[in-house]
Every structure is written in structure tokens, then in C-alpha cells.
>>> print(open('my_file.cif').read())   # mmCIF, C-alpha atoms and all ligand atoms; chains and numbers go by the auth columns
data_target
loop_
_atom_site.group_PDB
_atom_site.id
_atom_site.type_symbol
_atom_site.label_atom_id
_atom_site.label_comp_id
_atom_site.label_asym_id
_atom_site.label_seq_id
_atom_site.Cartn_x
_atom_site.Cartn_y
_atom_site.Cartn_z
_atom_site.B_iso_or_equiv
_atom_site.auth_seq_id
_atom_site.auth_asym_id
ATOM 1 C CA MET A 1 42.870 -91.450 -202.155 0.00 1 A
ATOM 2 C CA GLN A 2 43.278 -88.755 -199.555 0.00 2 A
ATOM 3 C CA PRO A 3 46.560 -86.881 -199.659 0.00 3 A
ATOM 4 C CA PRO A 4 48.610 -87.583 -196.539 0.00 4 A
ATOM 5 C CA HIS A 5 47.566 -85.038 -194.017 0.00 5 A
ATOM 6 C CA LEU A 6 49.667 -82.103 -192.959 0.00 6 A
ATOM 7 C CA LEU A 7 49.670 -83.279 -189.386 0.00 7 A
ATOM 8 C CA LEU A 8 51.310 -86.493 -190.412 0.00 8 A
ATOM 9 C CA PHE A 9 54.163 -84.572 -191.989 0.00 9 A
ATOM 10 C CA LEU A 10 54.686 -82.712 -188.755 0.00 10 A
ATOM 11 C CA PHE A 11 55.134 -86.014 -186.993 0.00 11 A
ATOM 12 C CA LEU A 12 57.008 -87.873 -189.707 0.00 12 A
ATOM 13 C CA PRO A 13 60.436 -87.268 -188.187 0.00 13 A
ATOM 14 C CA ILE A 14 59.378 -89.175 -185.079 0.00 14 A
ATOM 15 C CA LEU A 15 57.429 -91.935 -186.779 0.00 15 A
ATOM 16 C CA LEU A 16 60.517 -94.004 -187.374 0.00 16 A
ATOM 17 C CA PRO A 17 60.576 -97.353 -185.601 0.00 17 A
ATOM 18 C CA GLY A 18 62.994 -98.163 -182.841 0.00 18 A
ATOM 19 C CA MET A 19 61.080 -97.146 -179.745 0.00 19 A
ATOM 20 C CA TRP A 20 60.585 -98.202 -176.228 0.00 20 A
ATOM 21 C CA ALA A 21 62.894 -101.110 -175.803 0.00 21 A
ATOM 22 C CA ASP A 22 64.297 -99.457 -172.673 0.00 22 A
ATOM 23 C CA PRO A 23 62.298 -100.618 -169.633 0.00 23 A
ATOM 24 C CA GLU A 24 63.658 -97.655 -167.648 0.00 24 A
ATOM 25 C CA GLU A 25 61.881 -95.160 -169.876 0.00 25 A
ATOM 26 C CA PRO A 26 58.280 -94.088 -169.297 0.00 26 A
ATOM 27 C CA GLN A 27 55.900 -95.233 -172.039 0.00 27 A
ATOM 28 C CA VAL A 28 53.439 -92.764 -173.495 0.00 28 A
ATOM 29 C CA ILE A 29 50.205 -93.151 -175.394 0.00 29 A
ATOM 30 C CA GLN A 30 48.836 -89.920 -176.763 0.00 30 A
ATOM 31 C CA TYR A 31 46.065 -88.592 -178.930 0.00 31 A
ATOM 32 C CA LEU A 32 46.999 -85.362 -180.697 0.00 32 A
ATOM 33 C CA LEU A 33 44.087 -83.453 -182.115 0.00 33 A
ATOM 34 C CA THR A 34 44.367 -80.262 -184.127 0.00 34 A
ATOM 35 C CA SER A 35 41.354 -78.252 -185.183 0.00 35 A
ATOM 36 C CA LEU A 36 41.456 -75.291 -187.526 0.00 36 A
ATOM 37 C CA PHE A 37 38.524 -72.897 -187.293 0.00 37 A
ATOM 38 C CA ALA A 38 38.606 -70.742 -190.412 0.00 38 A
ATOM 39 C CA ASN A 39 35.358 -68.907 -189.666 0.00 39 A
ATOM 40 C CA ILE A 40 32.130 -69.250 -187.725 0.00 40 A
ATOM 41 C CA SER A 41 30.839 -72.003 -189.983 0.00 41 A
ATOM 42 C CA SER A 42 33.999 -74.016 -190.480 0.00 42 A
ATOM 43 C CA ALA A 43 36.099 -76.489 -188.501 0.00 43 A
ATOM 44 C CA GLU A 44 38.722 -78.861 -189.825 0.00 44 A
ATOM 45 C CA VAL A 45 39.732 -81.582 -187.403 0.00 45 A
ATOM 46 C CA SER A 46 42.666 -83.930 -187.696 0.00 46 A
ATOM 47 C CA CYS A 47 43.993 -86.392 -185.177 0.00 47 A
ATOM 48 C CA VAL A 48 46.846 -88.837 -184.793 0.00 48 A
ATOM 49 C CA ALA A 49 47.298 -91.399 -182.030 0.00 49 A
ATOM 50 C CA LEU A 50 50.813 -92.438 -181.034 0.00 50 A
ATOM 51 C CA VAL A 51 52.157 -95.207 -178.841 0.00 51 A
ATOM 52 C CA GLY A 52 55.705 -94.191 -178.074 0.00 52 A
ATOM 53 C CA ASP A 53 56.917 -92.935 -181.445 0.00 53 A
ATOM 54 C CA ILE A 54 54.605 -95.117 -183.512 0.00 54 A
ATOM 55 C CA ALA A 55 51.494 -93.681 -185.147 0.00 55 A
ATOM 56 C CA ILE A 56 48.709 -96.183 -184.612 0.00 56 A
ATOM 57 C CA PHE A 57 45.834 -94.391 -186.281 0.00 57 A
ATOM 58 C CA THR A 58 44.833 -91.113 -187.873 0.00 58 A
ATOM 59 C CA LEU A 59 41.504 -89.407 -188.318 0.00 59 A
ATOM 60 C CA ASP A 60 40.589 -88.432 -191.878 0.00 60 A
ATOM 61 C CA PRO A 61 39.731 -84.699 -191.780 0.00 61 A
ATOM 62 C CA ALA A 62 37.377 -85.143 -194.763 0.00 62 A
ATOM 63 C CA ASP A 63 34.865 -87.519 -193.182 0.00 63 A
ATOM 64 C CA TRP A 64 36.242 -88.197 -189.684 0.00 64 A
ATOM 65 C CA SER A 65 36.782 -91.845 -190.480 0.00 65 A
ATOM 66 C CA ILE A 66 39.581 -93.603 -188.641 0.00 66 A
ATOM 67 C CA HIS A 67 42.499 -95.108 -190.532 0.00 67 A
ATOM 68 C CA PHE A 68 44.268 -97.785 -188.559 0.00 68 A
ATOM 69 C CA HIS A 69 47.945 -98.021 -189.396 0.00 69 A
ATOM 70 C CA TRP A 70 48.341 -101.616 -188.238 0.00 70 A
ATOM 71 C CA PRO A 71 45.956 -104.587 -188.251 0.00 71 A
ATOM 72 C CA TRP A 72 46.589 -105.170 -184.539 0.00 72 A
ATOM 73 C CA VAL A 73 45.357 -101.682 -183.711 0.00 73 A
ATOM 74 C CA SER A 74 41.926 -102.367 -185.204 0.00 74 A
ATOM 75 C CA GLN A 75 41.859 -105.709 -183.363 0.00 75 A
ATOM 76 C CA ALA A 76 42.702 -103.932 -180.124 0.00 76 A
ATOM 77 C CA ALA A 77 40.057 -101.273 -180.832 0.00 77 A
ATOM 78 C CA ALA A 78 37.345 -103.925 -180.973 0.00 78 A
ATOM 79 C CA GLU A 79 38.134 -104.962 -177.383 0.00 79 A
ATOM 80 C CA ASP A 80 37.077 -103.568 -174.038 0.00 80 A
ATOM 81 C CA ASP A 81 35.172 -100.331 -174.416 0.00 81 A
ATOM 82 C CA GLY A 82 36.806 -99.683 -177.787 0.00 82 A
ATOM 83 C CA GLU A 83 33.624 -100.112 -179.780 0.00 83 A
ATOM 84 C CA LYS A 84 31.686 -97.859 -177.458 0.00 84 A
ATOM 85 C CA MET A 85 34.378 -95.196 -177.911 0.00 85 A
ATOM 86 C CA MET A 86 34.201 -95.565 -181.650 0.00 86 A
ATOM 87 C CA SER A 87 30.473 -94.928 -181.648 0.00 87 A
ATOM 88 C CA GLN A 88 30.850 -91.831 -179.466 0.00 88 A
ATOM 89 C CA TYR A 89 33.862 -89.941 -180.759 0.00 89 A
ATOM 90 C CA LYS A 90 32.003 -88.076 -183.531 0.00 90 A
ATOM 91 C CA ILE A 91 29.500 -86.736 -180.996 0.00 91 A
ATOM 92 C CA ALA A 92 32.389 -85.611 -178.801 0.00 92 A
ATOM 93 C CA LEU A 93 34.029 -83.846 -181.764 0.00 93 A
ATOM 94 C CA ARG A 94 30.792 -82.042 -182.636 0.00 94 A
ATOM 95 C CA ASN A 95 30.383 -80.909 -179.016 0.00 95 A
ATOM 96 C CA MET A 96 33.973 -79.693 -178.958 0.00 96 A
ATOM 97 C CA ILE A 97 33.459 -77.682 -182.161 0.00 97 A
ATOM 98 C CA ARG A 98 30.282 -76.082 -180.812 0.00 98 A
ATOM 99 C CA PHE A 99 32.055 -75.240 -177.548 0.00 99 A
ATOM 100 C CA VAL A 100 34.925 -73.518 -179.388 0.00 100 A
ATOM 101 C CA HIS A 101 32.577 -71.456 -181.574 0.00 101 A
ATOM 102 C CA ASP A 102 30.554 -70.449 -178.471 0.00 102 A
ATOM 103 C CA THR A 103 33.762 -69.484 -176.674 0.00 103 A
ATOM 104 C CA VAL A 104 34.845 -67.345 -179.627 0.00 104 A
ATOM 105 C CA GLN A 105 31.517 -65.484 -179.495 0.00 105 A
ATOM 106 C CA GLN A 106 31.574 -65.008 -175.727 0.00 106 A
ATOM 107 C CA THR A 107 35.156 -63.783 -175.519 0.00 107 A
ATOM 108 C CA LYS A 108 35.118 -61.905 -178.826 0.00 108 A
ATOM 109 C CA GLN A 109 38.072 -63.797 -180.257 0.00 109 A
ATOM 110 C CA HIS A 110 38.861 -63.714 -183.937 0.00 110 A
ATOM 111 C CA TYR A 111 38.960 -66.317 -186.656 0.00 111 A
ATOM 112 C CA PRO A 112 40.945 -68.045 -187.974 0.00 112 A
ATOM 113 C CA LEU A 113 42.203 -69.921 -184.936 0.00 113 A
ATOM 114 C CA VAL A 114 43.747 -73.261 -184.100 0.00 114 A
ATOM 115 C CA VAL A 115 42.808 -75.327 -181.064 0.00 115 A
ATOM 116 C CA GLN A 116 44.955 -78.302 -180.111 0.00 116 A
ATOM 117 C CA PHE A 117 44.309 -81.160 -177.723 0.00 117 A
ATOM 118 C CA ARG A 118 46.909 -83.513 -176.331 0.00 118 A
ATOM 119 C CA ALA A 119 45.452 -86.356 -174.294 0.00 119 A
ATOM 120 C CA GLY A 120 46.898 -89.622 -173.121 0.00 120 A
ATOM 121 C CA CYS A 121 48.757 -91.474 -170.448 0.00 121 A
ATOM 122 C CA VAL A 122 52.308 -91.886 -169.189 0.00 122 A
ATOM 123 C CA LEU A 123 53.143 -95.302 -167.799 0.00 123 A
ATOM 124 C CA TYR A 124 56.174 -95.195 -165.503 0.00 124 A
ATOM 125 C CA PRO A 125 58.615 -98.087 -165.003 0.00 125 A
ATOM 126 C CA ASN A 126 57.354 -98.399 -161.385 0.00 126 A
ATOM 127 C CA THR A 127 53.939 -99.271 -162.965 0.00 127 A
ATOM 128 C CA THR A 128 52.193 -96.109 -161.790 0.00 128 A
ATOM 129 C CA SER A 129 50.504 -94.130 -164.518 0.00 129 A
ATOM 130 C CA GLN A 130 49.310 -90.592 -165.093 0.00 130 A
ATOM 131 C CA GLY A 131 46.615 -89.503 -167.528 0.00 131 A
ATOM 132 C CA PHE A 132 46.763 -86.030 -169.036 0.00 132 A
ATOM 133 C CA LEU A 133 44.715 -83.676 -171.207 0.00 133 A
ATOM 134 C CA ASN A 134 46.038 -80.298 -172.317 0.00 134 A
ATOM 135 C CA VAL A 135 44.316 -77.765 -174.519 0.00 135 A
ATOM 136 C CA GLY A 136 46.188 -75.166 -176.544 0.00 136 A
ATOM 137 C CA TRP A 137 44.617 -72.133 -178.195 0.00 137 A
ATOM 138 C CA ASP A 138 46.493 -70.459 -181.045 0.00 138 A
ATOM 139 C CA GLY A 139 49.758 -72.052 -179.986 0.00 139 A
ATOM 140 C CA ARG A 140 49.561 -71.250 -176.242 0.00 140 A
ATOM 141 C CA ASP A 141 48.548 -73.517 -173.385 0.00 141 A
ATOM 142 C CA LEU A 142 45.010 -72.569 -172.407 0.00 142 A
ATOM 143 C CA VAL A 143 43.601 -75.093 -169.917 0.00 143 A
ATOM 144 C CA ALA A 144 44.498 -78.547 -168.643 0.00 144 A
ATOM 145 C CA PHE A 145 42.440 -81.269 -167.035 0.00 145 A
ATOM 146 C CA GLU A 146 43.935 -82.345 -163.705 0.00 146 A
ATOM 147 C CA VAL A 147 42.970 -86.003 -163.393 0.00 147 A
ATOM 148 C CA ASP A 148 43.764 -86.194 -159.659 0.00 148 A
ATOM 149 C CA LYS A 149 41.610 -83.168 -158.897 0.00 149 A
ATOM 150 C CA GLN A 150 38.961 -84.149 -161.419 0.00 150 A
ATOM 151 C CA GLY A 151 38.858 -80.578 -162.668 0.00 151 A
ATOM 152 C CA TRP A 152 40.110 -78.056 -165.211 0.00 152 A
ATOM 153 C CA GLU A 153 42.784 -75.477 -164.471 0.00 153 A
ATOM 154 C CA ALA A 154 43.712 -72.368 -166.413 0.00 154 A
ATOM 155 C CA GLN A 155 47.235 -72.513 -167.845 0.00 155 A
ATOM 156 C CA GLN A 156 47.536 -68.797 -168.578 0.00 156 A
ATOM 157 C CA SER A 157 46.258 -65.696 -166.814 0.00 157 A
ATOM 158 C CA SER A 158 43.669 -64.474 -169.247 0.00 158 A
ATOM 159 C CA GLN A 159 39.957 -63.858 -169.167 0.00 159 A
ATOM 160 C CA MET A 160 39.465 -66.562 -171.759 0.00 160 A
ATOM 161 C CA ALA A 161 41.365 -69.221 -169.788 0.00 161 A
ATOM 162 C CA GLU A 162 39.327 -68.348 -166.685 0.00 162 A
ATOM 163 C CA LEU A 163 36.079 -68.454 -168.594 0.00 163 A
ATOM 164 C CA VAL A 164 36.866 -71.726 -170.351 0.00 164 A
ATOM 165 C CA SER A 165 38.022 -73.527 -167.206 0.00 165 A
ATOM 166 C CA LYS A 166 35.008 -72.260 -165.226 0.00 166 A
ATOM 167 C CA SER A 167 32.594 -73.233 -167.933 0.00 167 A
ATOM 168 C CA LEU A 168 34.139 -76.705 -168.311 0.00 168 A
ATOM 169 C CA ASN A 169 34.211 -77.202 -164.537 0.00 169 A
ATOM 170 C CA ARG A 170 30.464 -76.576 -164.370 0.00 170 A
ATOM 171 C CA GLN A 171 29.947 -79.698 -166.492 0.00 171 A
ATOM 172 C CA LYS A 172 30.184 -82.268 -163.751 0.00 172 A
ATOM 173 C CA SER A 173 29.315 -85.259 -165.919 0.00 173 A
ATOM 174 C CA LEU A 174 32.088 -84.306 -168.348 0.00 174 A
ATOM 175 C CA ARG A 175 34.605 -84.146 -165.485 0.00 175 A
ATOM 176 C CA ILE A 176 33.589 -87.566 -164.246 0.00 176 A
ATOM 177 C CA LEU A 177 33.724 -88.969 -167.770 0.00 177 A
ATOM 178 C CA LEU A 178 37.185 -87.496 -168.429 0.00 178 A
ATOM 179 C CA GLU A 179 38.560 -88.757 -165.146 0.00 179 A
ATOM 180 C CA HIS A 180 37.304 -92.228 -166.024 0.00 180 A
ATOM 181 C CA LEU A 181 38.530 -92.069 -169.620 0.00 181 A
ATOM 182 C CA LEU A 182 41.998 -90.830 -168.738 0.00 182 A
ATOM 183 C CA SER A 183 42.766 -92.852 -165.647 0.00 183 A
ATOM 184 C CA ILE A 184 40.875 -96.070 -166.283 0.00 184 A
ATOM 185 C CA TRP A 185 40.336 -96.369 -170.001 0.00 185 A
ATOM 186 C CA VAL A 186 43.448 -94.832 -171.578 0.00 186 A
ATOM 187 C CA CYS A 187 45.892 -95.705 -168.793 0.00 187 A
ATOM 188 C CA GLN A 188 44.678 -99.229 -168.235 0.00 188 A
ATOM 189 C CA SER A 189 42.535 -101.097 -170.740 0.00 189 A
ATOM 190 C CA ASN A 190 43.467 -99.100 -173.861 0.00 190 A
ATOM 191 C CA PHE A 191 47.182 -99.115 -173.139 0.00 191 A
ATOM 192 C CA LEU A 192 47.399 -102.734 -172.022 0.00 192 A
ATOM 193 C CA THR A 193 45.281 -104.023 -174.910 0.00 193 A
ATOM 194 C CA LEU A 194 47.411 -102.170 -177.433 0.00 194 A
ATOM 195 C CA LYS A 195 50.578 -103.502 -175.849 0.00 195 A
ATOM 196 C CA ARG A 196 49.232 -107.035 -175.937 0.00 196 A
ATOM 197 C CA TYR A 197 48.168 -106.900 -179.609 0.00 197 A
ATOM 198 C CA GLY A 198 51.164 -104.895 -180.747 0.00 198 A
ATOM 199 C CA LYS A 199 53.792 -106.650 -178.660 0.00 199 A
ATOM 200 C CA GLU A 200 56.238 -107.424 -181.472 0.00 200 A
ATOM 201 C CA ILE A 201 56.147 -103.958 -182.969 0.00 201 A
ATOM 202 C CA LEU A 202 56.052 -101.993 -179.750 0.00 202 A
ATOM 203 C CA GLU A 203 58.786 -103.970 -177.987 0.00 203 A
HETATM 204 C C1 LIG B . 34.602 -70.594 -194.044 0.00 1 B
HETATM 205 O O1 LIG B . 35.850 -71.248 -194.249 0.00 1 B
HETATM 206 C C2 LIG B . 35.772 -72.338 -195.132 0.00 1 B
HETATM 207 C C3 LIG B . 37.119 -73.046 -195.128 0.00 1 B
HETATM 208 O O2 LIG B . 38.176 -72.166 -195.394 0.00 1 B
HETATM 209 C C4 LIG B . 35.369 -71.822 -196.528 0.00 1 B
HETATM 210 O O3 LIG B . 35.291 -72.901 -197.425 0.00 1 B
HETATM 211 C C5 LIG B . 34.035 -71.128 -196.403 0.00 1 B
HETATM 212 O O4 LIG B . 33.684 -70.536 -197.667 0.00 1 B
HETATM 213 C C6 LIG B . 34.067 -70.042 -195.357 0.00 1 B
HETATM 214 N N1 LIG B . 32.721 -69.539 -195.146 0.00 1 B
HETATM 215 C C7 LIG B . 32.464 -68.246 -194.943 0.00 1 B
HETATM 216 C C8 LIG B . 31.032 -67.905 -194.667 0.00 1 B
HETATM 217 O O5 LIG B . 33.338 -67.396 -194.998 0.00 1 B
HETATM 218 C C1 LIG B . 56.666 -93.652 -160.021 0.00 2 B
HETATM 219 O O1 LIG B . 57.505 -92.873 -160.837 0.00 2 B
HETATM 220 C C2 LIG B . 57.036 -91.555 -161.114 0.00 2 B
HETATM 221 C C3 LIG B . 57.996 -90.905 -162.091 0.00 2 B
HETATM 222 O O2 LIG B . 59.314 -91.045 -161.729 0.00 2 B
HETATM 223 C C4 LIG B . 56.894 -90.773 -159.818 0.00 2 B
HETATM 224 O O3 LIG B . 56.408 -89.488 -160.075 0.00 2 B
HETATM 225 C C5 LIG B . 55.943 -91.518 -158.901 0.00 2 B
HETATM 226 O O4 LIG B . 55.853 -90.848 -157.663 0.00 2 B
HETATM 227 C C6 LIG B . 56.412 -92.949 -158.687 0.00 2 B
HETATM 228 N N1 LIG B . 55.387 -93.657 -157.915 0.00 2 B
HETATM 229 C C7 LIG B . 55.709 -94.505 -156.921 0.00 2 B
HETATM 230 C C8 LIG B . 54.552 -95.150 -156.214 0.00 2 B
HETATM 231 O O5 LIG B . 56.866 -94.756 -156.631 0.00 2 B
#
>>> encode(input="my_file.cif", output="C-alpha cells")
Amino acid sequence: MQPPHLLLFLFLPILLPGMWADPEEPQVIQYLLTSLFANISSAEVSCVALVGDIAIFTLDPADWSIHFHWPWVSQAAAEDDGEKMMSQYKIALRNMIRFVHDTVQQTKQHYPLVVQFRAGCVLYPNTTSQGFLNVGWDGRDLVAFEVDKQGWEAQQSSQMAELVSKSLNRQKSLRILLEHLLSIWVCQSNFLTLKRYGKEILE
């Protein structure tokens, strides 16, 4: 048995049921990823996905396997592009880790450091939705992906934020993929499928 992960403790106070009964409130699905880079050869990644206040799955930092917290979440994950996502996320994590290590070298940052990702979608009562992806570096906002502009923007005035946003903006296929993932996949199919399978618990 894996010990419950630290990240889960951080979120425990908000994991209590009771959530989005209020139709006037925006609904949020978010993926919170924390990665600790102890040195040039190490990266520990943990992730929790939340719908409203409910944790739906976590990523095991030991082997990157996904632990679904509810049977309906694994059912929902098998639908739409869910299976394709599941086969791709480890590649994405490896690319992310390589990118962070490269950035540390280029900008002469120091280990240890923590990089955090917050991605997801807000669904407003008027049925419009907004995808988001924010990246934090050692506790400060670094860059954010602007879905409407299909591009990255620096969130602080530093050489590193400029370099990271420029370097990410050069990857056109990544920008197109993210725009699709955030506005179409997360905001529409992912969110709606989860709501359908998890109706009783989420409402
Ligand atoms: C890098 O950090 C990991 C995790 O703390 C540790 O196990 C490993 O020995 C470190 N490696 C080096 C080369 O310092
Ligand atoms: C829907 O609500 C959000 C949040 O209040 C607002 O930003 C957005 O402009 C609204 N969209 C429409 C089409 O009314």
C-alpha cells in the first residue's frame, strides 16, 4: 500500500462532500499537478483531479499509475478520447520533466525546485465555459496559456518567464493541442461525461 500522498493532505479540507448544488455557481474541473525536482536527475510528480470539491483521481508518484476514487470516474475515462489521453499522459509528463530540466540549465536556476500546473475548465451558469492552464515556479505564477489567443503569456517580469513563454510559443503543435484539449476536451466531453456518470454524487 502506498501511503496517502502529501498532496492529498493539502486538499483534504476541501474534499468533503456537499458541493455544487447551487446552479448559480460556476462549476470547475481542475487537474492540479505538483512536481518536485530535487536535482538534475530527479523529478517527483503527483497529481489530483477535482470536480468541484470532489477528488476524482490521483496519480501515484511512485509509478505514475492512476487511482480512480469512484467507479464512475473510470467508466467516464473509458469514453470519448479518455483512453487516448490515458495512453499519452506519461509521454506528456516525461516531456514536461525534460523541459523543466532544460529550462533550469538555460536560465541557471537552482535545485531543488517545485513546478506546479493547474489546468481545467470553468463552466458558467450561462453555459459558456473557459479553459485555463497556469504554471507556477517555486510558488510564483510563471506563465499561463491563454486559450482564446492560443498562446502562452508571461505572468511575471523575469528573464525566465520571457524565455519559457517564448520557447513554449515556438511549439505550434503544442499550442494547437492545448487549445483543443482545454476548450474542446476538458470543457466539453470530459466535463459532460463526468457529470453524466457522476450525477448522483456531483449533484
Ligand atoms: C537526486 O535526488 C533524489 C531524490 O531526493 C536522490 O534520491 C538522489 O540520490 C539524488 N541524486 C543526486 C545525483 O544527487
Ligand atoms: C457568462 O458568464 C461569464 C461569467 O459571469 C461571463 O464572463 C461571460 O461573458 C458570460 N457569457 C455570456 C455569453 O453571457
>>> residues_near_point(input="my_file.cif", point="(46.0, -74.1, -169.2)", cutoff="9 Å", atoms="all atoms listed in the file", output="PyMOL selection string")
chain A and resi 134-136+140-145+152-157+161+165
>>> closest_residue(input="my_file.cif", among="A:Val28, A:Leu113, A:Trp64, A:Arg94", to="ligand LIG 1 (chain B)", atoms="only C-alpha atoms and all ligand atoms")
A:Leu113
>>> closest_residue(input="my_file.cif", among="A:Leu168, A:Val104, A:Ser173, A:Glu179", to="Glu146 of chain A", atoms="only C-alpha atoms")
A:Glu179
>>> residues_around(input="my_file.cif", residues="Lys195 of chain A", least_positions_apart="6", cutoff="10 Å", atoms="all atoms listed in the file", output="ChimeraX atom specification")
/A:51,72-73,76,189,201-203
>>> closest_residue(input="my_file.cif", among="A:Gln130, A:Ser46, A:Gln75, A:Gln116", to="ligand LIG 2 (chain B)", atoms="only C-alpha atoms and all ligand atoms")
A:Gln130
>>> residues_around(input="my_file.cif", residues="segment 54-61 of chain A", least_positions_apart="6", cutoff="7 Å", atoms="only C-alpha atoms", output="list in words")
Leu15, Pro17, Glu44, Val45, Ser46, Cys47, Val48, His67, Phe68, His69, Trp70 and Val73 of chain A
>>> closest_residue(input="my_file.cif", among="A:Tyr124, A:Trp137, A:Tyr197, A:Phe99", to="ligand LIG 2 (chain B)", atoms="all atoms listed in the file")
A:Tyr124
>>> residues_around(input="my_file.cif", residues="Val186 of chain A", least_positions_apart="5", cutoff="9 Å", atoms="all atoms listed in the file", output="number ranges by chain")
A: 29-30, 120-121, 131, 180-181, 191-192
>>> resolve_selection(input="my_file.cif", expression="the PyMOL selection byres (((not hetatm)) within 6 of (chain B and resi 1))", output="ChimeraX atom specification")
/A:38-39,41-42
>>> build_atoms(input="my_file.cif", residues="segment 185-201 of chain A", atoms="N, CA, C and O atoms", output="compact mmCIF listing (two decimals), in the coordinates of the input")
# COMPACT_ATOMS: atom_id res chain seq x y z
N TRP A 185 40.36 -95.83 -168.64
CA TRP A 185 40.34 -96.37 -170.00
C TRP A 185 41.70 -96.24 -170.70
O TRP A 185 42.29 -97.23 -171.10
N VAL A 186 42.19 -95.01 -170.82
CA VAL A 186 43.45 -94.83 -171.58
C VAL A 186 44.62 -95.48 -170.84
O VAL A 186 45.42 -96.20 -171.43
N CYS A 187 44.72 -95.23 -169.53
CA CYS A 187 45.89 -95.70 -168.79
C CYS A 187 45.88 -97.21 -168.60
O CYS A 187 46.93 -97.82 -168.49
N GLN A 188 44.69 -97.80 -168.51
CA GLN A 188 44.68 -99.23 -168.24
C GLN A 188 44.25 -100.05 -169.45
O GLN A 188 45.09 -100.55 -170.18
N SER A 189 42.93 -100.13 -169.71
CA SER A 189 42.54 -101.10 -170.74
C SER A 189 43.11 -100.76 -172.12
O SER A 189 43.67 -101.61 -172.80
N ASN A 190 43.00 -99.49 -172.54
CA ASN A 190 43.47 -99.10 -173.86
C ASN A 190 44.96 -99.40 -174.04
O ASN A 190 45.40 -100.04 -175.00
N PHE A 191 45.74 -98.97 -173.07
CA PHE A 191 47.18 -99.12 -173.14
C PHE A 191 47.59 -100.60 -173.12
O PHE A 191 48.38 -101.07 -173.94
N LEU A 192 47.01 -101.33 -172.17
CA LEU A 192 47.40 -102.73 -172.02
C LEU A 192 46.96 -103.57 -173.22
O LEU A 192 47.70 -104.44 -173.70
N THR A 193 45.76 -103.28 -173.75
CA THR A 193 45.28 -104.02 -174.91
C THR A 193 46.18 -103.76 -176.11
O THR A 193 46.58 -104.69 -176.82
N LEU A 194 46.53 -102.50 -176.31
CA LEU A 194 47.41 -102.17 -177.43
C LEU A 194 48.76 -102.86 -177.29
O LEU A 194 49.32 -103.39 -178.25
N LYS A 195 49.26 -102.88 -176.06
CA LYS A 195 50.58 -103.50 -175.85
C LYS A 195 50.51 -105.00 -176.10
O LYS A 195 51.46 -105.60 -176.61
N ARG A 196 49.37 -105.60 -175.74
CA ARG A 196 49.23 -107.04 -175.94
C ARG A 196 49.16 -107.36 -177.44
O ARG A 196 49.89 -108.20 -177.93
N TYR A 197 48.32 -106.61 -178.18
CA TYR A 197 48.17 -106.90 -179.61
C TYR A 197 49.40 -106.48 -180.41
O TYR A 197 49.72 -107.08 -181.42
N GLY A 198 50.06 -105.43 -179.95
CA GLY A 198 51.16 -104.90 -180.75
C GLY A 198 52.53 -105.24 -180.20
O GLY A 198 53.52 -104.59 -180.50
N LYS A 199 52.59 -106.29 -179.39
CA LYS A 199 53.79 -106.65 -178.66
C LYS A 199 55.06 -106.60 -179.51
O LYS A 199 56.02 -105.92 -179.18
N GLU A 200 55.01 -107.31 -180.67
CA GLU A 200 56.24 -107.42 -181.47
C GLU A 200 56.71 -106.08 -181.98
O GLU A 200 57.90 -105.79 -181.99
N ILE A 201 55.76 -105.23 -182.39
CA ILE A 201 56.15 -103.96 -182.97
C ILE A 201 56.53 -102.95 -181.90
O ILE A 201 57.48 -102.19 -182.05
